[in-house]
Amino acid sequence: MEKKQHIKEYVDYELWRKNEAEMSALKRFGVHVLKTIVLVARSFGSKALSIRADHLTYSLLFAIVPILAMVLAVAKGFGFSELIEEKLTATAIGQSEFMPNIMEMVHRYLDTSANGAIIGVGIIVLISAVYTFFRSVESSFNEIWNVKQSRSIMRQSVTYIAILFLIPVLIIVTIGLNIYLHTAAETWQFFCFLNRFRDGGLNFMQFVVATFIFTWMYIAIPNTKVRFISGFIPGLITAFFLMLIEALSVYIVAYLSRTSIVYGAFAFIPMLLIVVKWISLIVLIGAEMSYAIQNNEMFDYEHDLEQMSRRYKDFLTLSLLSAIIKRFENDEAPLTARELAVENGIPVRQATLLLSRLTETGLLREVYIEGKEDRTYQPAMDTHKITVGLVFDRIEAQGTEDFLETSTKHRQKLWQHFLQLRHDELHSHEIFVNEL
């Protein structure tokens, strides 16, 4: 029991108090990995992840037929449509009632869209379903990355269209390489390694293509700067788990086939829901991992910051503002939130929140500088007019005040008296921040 409590104490507090700058490269890497595992593990049971997965499942159910129709339509232009359909139905899941029902709907959709009288409606339905799905994916990724603003409709359209055309092309390339491997192995029998490789060649190529697609998704879809390594590692792991599901598909189909006892001919519907929900959860957990890898330090001192006193927060505010003002007066280049946090020994998450508040009060302004990945901060007014009293006057006045309708005369008088006392206290000694 005591050991369990010690582990909990370490995971909740000690792990996030470690100064990685003083560690060796190997130990820093180990701590970084452990923090990432803890952050991803936290997301497993979160209500937000379940809600996002449900939303994504709902969107994918509507988009799965148009997306497969688009894949087959593009593949048909290359003469590979029948081959792709064969590969889809050759898997264990494909041989169940699940894939035949889906493919029947896809063919019906393609036949309907080919009708000249309603081809316009078919295209509109396809575009609408696909756009809604990708918009749902982007919204989920942006929420995970704490991004408030989505990219423009034009940028969304370009990204989504690129994904739609890239996926079938990559599938076609994968199948083409697999055909080449099989042909080469049969033609040159003396190359024994080709004979051994050809059976696993398709699986390997599928893994590579899936890794590429998910890596690209994790980097391109969130409306923020995502480093390659932060997209590649989750992309690799997501592809691995999806391939694992494929490898275990015989057992999965055997489990899901039990639903036919209850649902009969409609058994493929709950099967489809379960499979799509699993895929959605795996993809979203990959996005959580991508965020955790890139923003490990955002959670440093997490529990300590939740219990931080008001005066210590005020102290950190003045510390950051003083550092920015001194850099400005010394004609030094402005820094980003991350750089200011590292330089002043403040957790990145807290520094970001404090800088955001100082910007909203008009004491700082955001400046974008070429060569910097993120915005930097500079004073927004004459530094010789920024006093400690002015700083906290503006911070305390931010937000709504005196809005209660049932305010009594006594409370109004008390409110005015409180404002005067607070003003006198803050301005009793006019201390300039640049002198701190």
# chains A, B, ... in the order shown; residues from 1 in each chain; ligands from 1
>>> select_by_dssp(residues="region 330-429 of chain A", states="strand (DSSP E or B)", output="list in words")
Thr336, Leu364, Arg365, Glu366, Val367, Thr376, Tyr377, Gln378, Pro379 and Thr387 of chain A
>>> residues_around(residues="region 56-59 of chain A", least_positions_apart="5", cutoff="7 Å", atoms="only C-alpha atoms", output="PyMOL selection string")
chain A and resi 132-133+136-137+276-277+280
>>> residues_around(residues="Gly389 (chain A)", least_positions_apart="6", cutoff="8 Å", atoms="only C-alpha atoms", output="ChimeraX atom specification")
/A:423,426-427,430-431
>>> closest_residue(among="A:Leu363, A:Tyr131, A:Tyr368, A:Asn142", to="Ile161 (chain A)", atoms="only C-alpha atoms")
A:Tyr131
>>> select_by_dssp(residues="region 358-394 of chain A", states="helix (DSSP H, G or I)", output="list in words")
Leu358, Thr359, Glu360, Thr383, His384, Lys385, Val388, Gly389, Leu390, Val391, Phe392, Asp393 and Arg394 of chain A
>>> write_last_selection(atoms="N, CA, C and O atoms", output="PDB file, in the first residue's frame")
ATOM      1  N   LEU A 358      -1.443  39.454 -19.806  1.00  0.00           N
ATOM      2  CA  LEU A 358      -0.773  40.750 -19.963  1.00  0.00           C
ATOM      3  C   LEU A 358      -1.036  41.359 -21.336  1.00  0.00           C
ATOM      4  O   LEU A 358      -1.118  42.582 -21.488  1.00  0.00           O
ATOM      5  N   THR A 359      -1.205  40.492 -22.348  1.00  0.00           N
ATOM      6  CA  THR A 359      -1.532  40.983 -23.684  1.00  0.00           C
ATOM      7  C   THR A 359      -2.956  41.516 -23.732  1.00  0.00           C
ATOM      8  O   THR A 359      -3.230  42.566 -24.332  1.00  0.00           O
ATOM      9  N   GLU A 360      -3.877  40.807 -23.091  1.00  0.00           N
ATOM     10  CA  GLU A 360      -5.284  41.238 -23.071  1.00  0.00           C
ATOM     11  C   GLU A 360      -5.469  42.567 -22.335  1.00  0.00           C
ATOM     12  O   GLU A 360      -6.379  43.334 -22.665  1.00  0.00           O
ATOM     13  N   THR A 383       7.671  52.043 -21.641  1.00  0.00           N
ATOM     14  CA  THR A 383       8.091  51.251 -20.473  1.00  0.00           C
ATOM     15  C   THR A 383       8.299  52.109 -19.229  1.00  0.00           C
ATOM     16  O   THR A 383       8.247  51.589 -18.107  1.00  0.00           O
ATOM     17  N   HIS A 384       8.535  53.422 -19.413  1.00  0.00           N
ATOM     18  CA  HIS A 384       8.753  54.302 -18.262  1.00  0.00           C
ATOM     19  C   HIS A 384       7.441  54.723 -17.608  1.00  0.00           C
ATOM     20  O   HIS A 384       7.441  55.475 -16.627  1.00  0.00           O
ATOM     21  N   LYS A 385       6.320  54.227 -18.155  1.00  0.00           N
ATOM     22  CA  LYS A 385       5.011  54.511 -17.555  1.00  0.00           C
ATOM     23  C   LYS A 385       4.388  53.270 -16.917  1.00  0.00           C
ATOM     24  O   LYS A 385       3.317  53.359 -16.325  1.00  0.00           O
ATOM     25  N   VAL A 388       4.117  49.088 -11.051  1.00  0.00           N
ATOM     26  CA  VAL A 388       3.515  47.906 -10.434  1.00  0.00           C
ATOM     27  C   VAL A 388       2.023  48.134 -10.200  1.00  0.00           C
ATOM     28  O   VAL A 388       1.186  47.258 -10.436  1.00  0.00           O
ATOM     29  N   GLY A 389       1.676  49.353  -9.753  1.00  0.00           N
ATOM     30  CA  GLY A 389       0.276  49.677  -9.516  1.00  0.00           C
ATOM     31  C   GLY A 389      -0.550  49.598 -10.787  1.00  0.00           C
ATOM     32  O   GLY A 389      -1.668  49.072 -10.789  1.00  0.00           O
ATOM     33  N   LEU A 390      -0.009  50.113 -11.906  1.00  0.00           N
ATOM     34  CA  LEU A 390      -0.720  50.075 -13.179  1.00  0.00           C
ATOM     35  C   LEU A 390      -0.950  48.634 -13.638  1.00  0.00           C
ATOM     36  O   LEU A 390      -2.041  48.303 -14.126  1.00  0.00           O
ATOM     37  N   VAL A 391       0.063  47.793 -13.463  1.00  0.00           N
ATOM     38  CA  VAL A 391      -0.041  46.389 -13.883  1.00  0.00           C
ATOM     39  C   VAL A 391      -1.220  45.710 -13.194  1.00  0.00           C
ATOM     40  O   VAL A 391      -2.093  45.112 -13.837  1.00  0.00           O
ATOM     41  N   PHE A 392      -1.272  45.829 -11.863  1.00  0.00           N
ATOM     42  CA  PHE A 392      -2.318  45.112 -11.135  1.00  0.00           C
ATOM     43  C   PHE A 392      -3.663  45.827 -11.207  1.00  0.00           C
ATOM     44  O   PHE A 392      -4.704  45.184 -11.055  1.00  0.00           O
ATOM     45  N   ASP A 393      -3.651  47.118 -11.453  1.00  0.00           N
ATOM     46  CA  ASP A 393      -4.904  47.828 -11.739  1.00  0.00           C
ATOM     47  C   ASP A 393      -5.582  47.223 -12.958  1.00  0.00           C
ATOM     48  O   ASP A 393      -6.780  46.943 -12.961  1.00  0.00           O
ATOM     49  N   ARG A 394      -4.808  47.059 -14.018  1.00  0.00           N
ATOM     50  CA  ARG A 394      -5.358  46.548 -15.276  1.00  0.00           C
ATOM     51  C   ARG A 394      -5.753  45.074 -15.158  1.00  0.00           C
ATOM     52  O   ARG A 394      -6.772  44.657 -15.703  1.00  0.00           O
TER      53      ARG A 394
END
>>> atom_distance(atom1="CA of Tyr160 (chain A)", atom2="CA of Phe134 (chain A)")
6.7 Å
>>> residues_around(residues="Glu329 (chain A)", least_positions_apart="5", cutoff="10 Å", atoms="only C-alpha atoms", output="PyMOL selection string")
chain A and resi 324+379+383+434
>>> residues_around(residues="Phe232 (chain A)", least_positions_apart="4", cutoff="7 Å", atoms="only C-alpha atoms", output="ChimeraX atom specification")
/A:215,228,236
>>> closest_residue(among="A:Arg411, A:Lys225, A:His303, A:Lys372", to="Glu9 (chain A)", atoms="only C-alpha atoms")
A:His303
>>> residues_around(residues="region 46-54 of chain A", least_positions_apart="3", cutoff="12 Å", atoms="only C-alpha atoms", output="number ranges by chain")
A: 39-43, 57-61, 136-144, 273-288
>>> decode(residues="region 387-400 of chain A", atoms="all heavy atoms", output="PDB file, in the first residue's frame")
ATOM      1  N   THR A 387       4.061  50.970 -14.163  1.00  0.00           N
ATOM      2  CA  THR A 387       4.356  50.796 -12.742  1.00  0.00           C
ATOM      3  C   THR A 387       3.690  49.524 -12.236  1.00  0.00           C
ATOM      4  O   THR A 387       2.807  48.961 -12.890  1.00  0.00           O
ATOM      5  CB  THR A 387       3.825  51.985 -11.931  1.00  0.00           C
ATOM      6  OG1 THR A 387       2.386  52.024 -12.033  1.00  0.00           O
ATOM      7  CG2 THR A 387       4.411  53.293 -12.433  1.00  0.00           C
ATOM      8  N   VAL A 388       4.117  49.088 -11.051  1.00  0.00           N
ATOM      9  CA  VAL A 388       3.515  47.906 -10.434  1.00  0.00           C
ATOM     10  C   VAL A 388       2.023  48.134 -10.200  1.00  0.00           C
ATOM     11  O   VAL A 388       1.186  47.258 -10.436  1.00  0.00           O
ATOM     12  CB  VAL A 388       4.231  47.559  -9.110  1.00  0.00           C
ATOM     13  CG1 VAL A 388       3.499  46.440  -8.388  1.00  0.00           C
ATOM     14  CG2 VAL A 388       5.687  47.176  -9.363  1.00  0.00           C
ATOM     15  N   GLY A 389       1.676  49.353  -9.753  1.00  0.00           N
ATOM     16  CA  GLY A 389       0.276  49.677  -9.516  1.00  0.00           C
ATOM     17  C   GLY A 389      -0.550  49.598 -10.787  1.00  0.00           C
ATOM     18  O   GLY A 389      -1.668  49.072 -10.789  1.00  0.00           O
ATOM     19  N   LEU A 390      -0.009  50.113 -11.906  1.00  0.00           N
ATOM     20  CA  LEU A 390      -0.720  50.075 -13.179  1.00  0.00           C
ATOM     21  C   LEU A 390      -0.950  48.634 -13.638  1.00  0.00           C
ATOM     22  O   LEU A 390      -2.041  48.303 -14.126  1.00  0.00           O
ATOM     23  CB  LEU A 390       0.082  50.828 -14.243  1.00  0.00           C
ATOM     24  CG  LEU A 390      -0.478  50.787 -15.668  1.00  0.00           C
ATOM     25  CD1 LEU A 390      -1.799  51.545 -15.737  1.00  0.00           C
ATOM     26  CD2 LEU A 390       0.514  51.361 -16.667  1.00  0.00           C
ATOM     27  N   VAL A 391       0.063  47.793 -13.463  1.00  0.00           N
ATOM     28  CA  VAL A 391      -0.041  46.389 -13.883  1.00  0.00           C
ATOM     29  C   VAL A 391      -1.220  45.710 -13.194  1.00  0.00           C
ATOM     30  O   VAL A 391      -2.093  45.112 -13.837  1.00  0.00           O
ATOM     31  CB  VAL A 391       1.261  45.623 -13.589  1.00  0.00           C
ATOM     32  CG1 VAL A 391       1.078  44.118 -13.836  1.00  0.00           C
ATOM     33  CG2 VAL A 391       2.408  46.162 -14.434  1.00  0.00           C
ATOM     34  N   PHE A 392      -1.272  45.829 -11.863  1.00  0.00           N
ATOM     35  CA  PHE A 392      -2.318  45.112 -11.135  1.00  0.00           C
ATOM     36  C   PHE A 392      -3.663  45.827 -11.207  1.00  0.00           C
ATOM     37  O   PHE A 392      -4.704  45.184 -11.055  1.00  0.00           O
ATOM     38  CB  PHE A 392      -1.873  44.862  -9.695  1.00  0.00           C
ATOM     39  CG  PHE A 392      -0.718  43.907  -9.611  1.00  0.00           C
ATOM     40  CD1 PHE A 392       0.507  44.301  -9.103  1.00  0.00           C
ATOM     41  CD2 PHE A 392      -0.842  42.606 -10.078  1.00  0.00           C
ATOM     42  CE1 PHE A 392       1.574  43.425  -9.048  1.00  0.00           C
ATOM     43  CE2 PHE A 392       0.220  41.727 -10.030  1.00  0.00           C
ATOM     44  CZ  PHE A 392       1.430  42.128  -9.508  1.00  0.00           C
ATOM     45  N   ASP A 393      -3.651  47.118 -11.453  1.00  0.00           N
ATOM     46  CA  ASP A 393      -4.904  47.828 -11.739  1.00  0.00           C
ATOM     47  C   ASP A 393      -5.582  47.223 -12.958  1.00  0.00           C
ATOM     48  O   ASP A 393      -6.780  46.943 -12.961  1.00  0.00           O
ATOM     49  CB  ASP A 393      -4.629  49.324 -11.993  1.00  0.00           C
ATOM     50  CG  ASP A 393      -4.926  50.171 -10.763  1.00  0.00           C
ATOM     51  OD1 ASP A 393      -5.537  49.641  -9.823  1.00  0.00           O
ATOM     52  OD2 ASP A 393      -4.528  51.352 -10.749  1.00  0.00           O
ATOM     53  N   ARG A 394      -4.808  47.059 -14.018  1.00  0.00           N
ATOM     54  CA  ARG A 394      -5.358  46.548 -15.276  1.00  0.00           C
ATOM     55  C   ARG A 394      -5.753  45.074 -15.158  1.00  0.00           C
ATOM     56  O   ARG A 394      -6.772  44.657 -15.703  1.00  0.00           O
ATOM     57  CB  ARG A 394      -4.350  46.731 -16.409  1.00  0.00           C
ATOM     58  CG  ARG A 394      -4.125  48.197 -16.762  1.00  0.00           C
ATOM     59  CD  ARG A 394      -3.549  48.334 -18.156  1.00  0.00           C
ATOM     60  NE  ARG A 394      -3.395  49.725 -18.540  1.00  0.00           N
ATOM     61  CZ  ARG A 394      -3.022  50.125 -19.745  1.00  0.00           C
ATOM     62  NH1 ARG A 394      -2.772  49.213 -20.695  1.00  0.00           N
ATOM     63  NH2 ARG A 394      -2.900  51.402 -20.037  1.00  0.00           N
ATOM     64  N   ILE A 395      -4.930  44.300 -14.465  1.00  0.00           N
ATOM     65  CA  ILE A 395      -5.239  42.871 -14.303  1.00  0.00           C
ATOM     66  C   ILE A 395      -6.519  42.688 -13.494  1.00  0.00           C
ATOM     67  O   ILE A 395      -7.411  41.908 -13.856  1.00  0.00           O
ATOM     68  CB  ILE A 395      -4.068  42.121 -13.642  1.00  0.00           C
ATOM     69  CG1 ILE A 395      -2.893  42.020 -14.613  1.00  0.00           C
ATOM     70  CG2 ILE A 395      -4.488  40.725 -13.195  1.00  0.00           C
ATOM     71  CD1 ILE A 395      -1.641  41.402 -14.027  1.00  0.00           C
ATOM     72  N   GLU A 396      -6.645  43.427 -12.400  1.00  0.00           N
ATOM     73  CA  GLU A 396      -7.802  43.280 -11.527  1.00  0.00           C
ATOM     74  C   GLU A 396      -9.073  43.831 -12.162  1.00  0.00           C
ATOM     75  O   GLU A 396     -10.173  43.371 -11.850  1.00  0.00           O
ATOM     76  CB  GLU A 396      -7.547  43.967 -10.183  1.00  0.00           C
ATOM     77  CG  GLU A 396      -6.476  43.273  -9.354  1.00  0.00           C
ATOM     78  CD  GLU A 396      -6.283  43.927  -7.995  1.00  0.00           C
ATOM     79  OE1 GLU A 396      -6.974  44.929  -7.719  1.00  0.00           O
ATOM     80  OE2 GLU A 396      -5.463  43.430  -7.220  1.00  0.00           O
ATOM     81  N   ALA A 397      -8.939  44.817 -13.058  1.00  0.00           N
ATOM     82  CA  ALA A 397     -10.116  45.415 -13.683  1.00  0.00           C
ATOM     83  C   ALA A 397     -10.616  44.602 -14.883  1.00  0.00           C
ATOM     84  O   ALA A 397     -11.676  44.895 -15.439  1.00  0.00           O
ATOM     85  CB  ALA A 397      -9.802  46.843 -14.141  1.00  0.00           C
ATOM     86  N   GLN A 398      -9.848  43.575 -15.266  1.00  0.00           N
ATOM     87  CA  GLN A 398     -10.232  42.775 -16.424  1.00  0.00           C
ATOM     88  C   GLN A 398     -11.437  41.896 -16.070  1.00  0.00           C
ATOM     89  O   GLN A 398     -11.463  41.233 -15.043  1.00  0.00           O
ATOM     90  CB  GLN A 398      -9.058  41.894 -16.856  1.00  0.00           C
ATOM     91  CG  GLN A 398      -9.213  41.302 -18.223  1.00  0.00           C
ATOM     92  CD  GLN A 398      -7.990  40.488 -18.606  1.00  0.00           C
ATOM     93  OE1 GLN A 398      -7.155  40.174 -17.762  1.00  0.00           O
ATOM     94  NE2 GLN A 398      -7.868  40.148 -19.872  1.00  0.00           N
ATOM     95  N   GLY A 399     -12.449  41.920 -16.908  1.00  0.00           N
ATOM     96  CA  GLY A 399     -13.659  41.139 -16.652  1.00  0.00           C
ATOM     97  C   GLY A 399     -14.812  42.040 -16.213  1.00  0.00           C
ATOM     98  O   GLY A 399     -14.692  43.262 -16.140  1.00  0.00           O
ATOM     99  N   THR A 400     -15.961  41.422 -15.913  1.00  0.00           N
ATOM    100  CA  THR A 400     -17.167  42.177 -15.530  1.00  0.00           C
ATOM    101  C   THR A 400     -17.178  42.448 -14.031  1.00  0.00           C
ATOM    102  O   THR A 400     -16.717  41.639 -13.227  1.00  0.00           O
ATOM    103  CB  THR A 400     -18.430  41.408 -15.924  1.00  0.00           C
ATOM    104  OG1 THR A 400     -18.406  40.116 -15.298  1.00  0.00           O
ATOM    105  CG2 THR A 400     -18.502  41.224 -17.424  1.00  0.00           C
TER     106      THR A 400
END
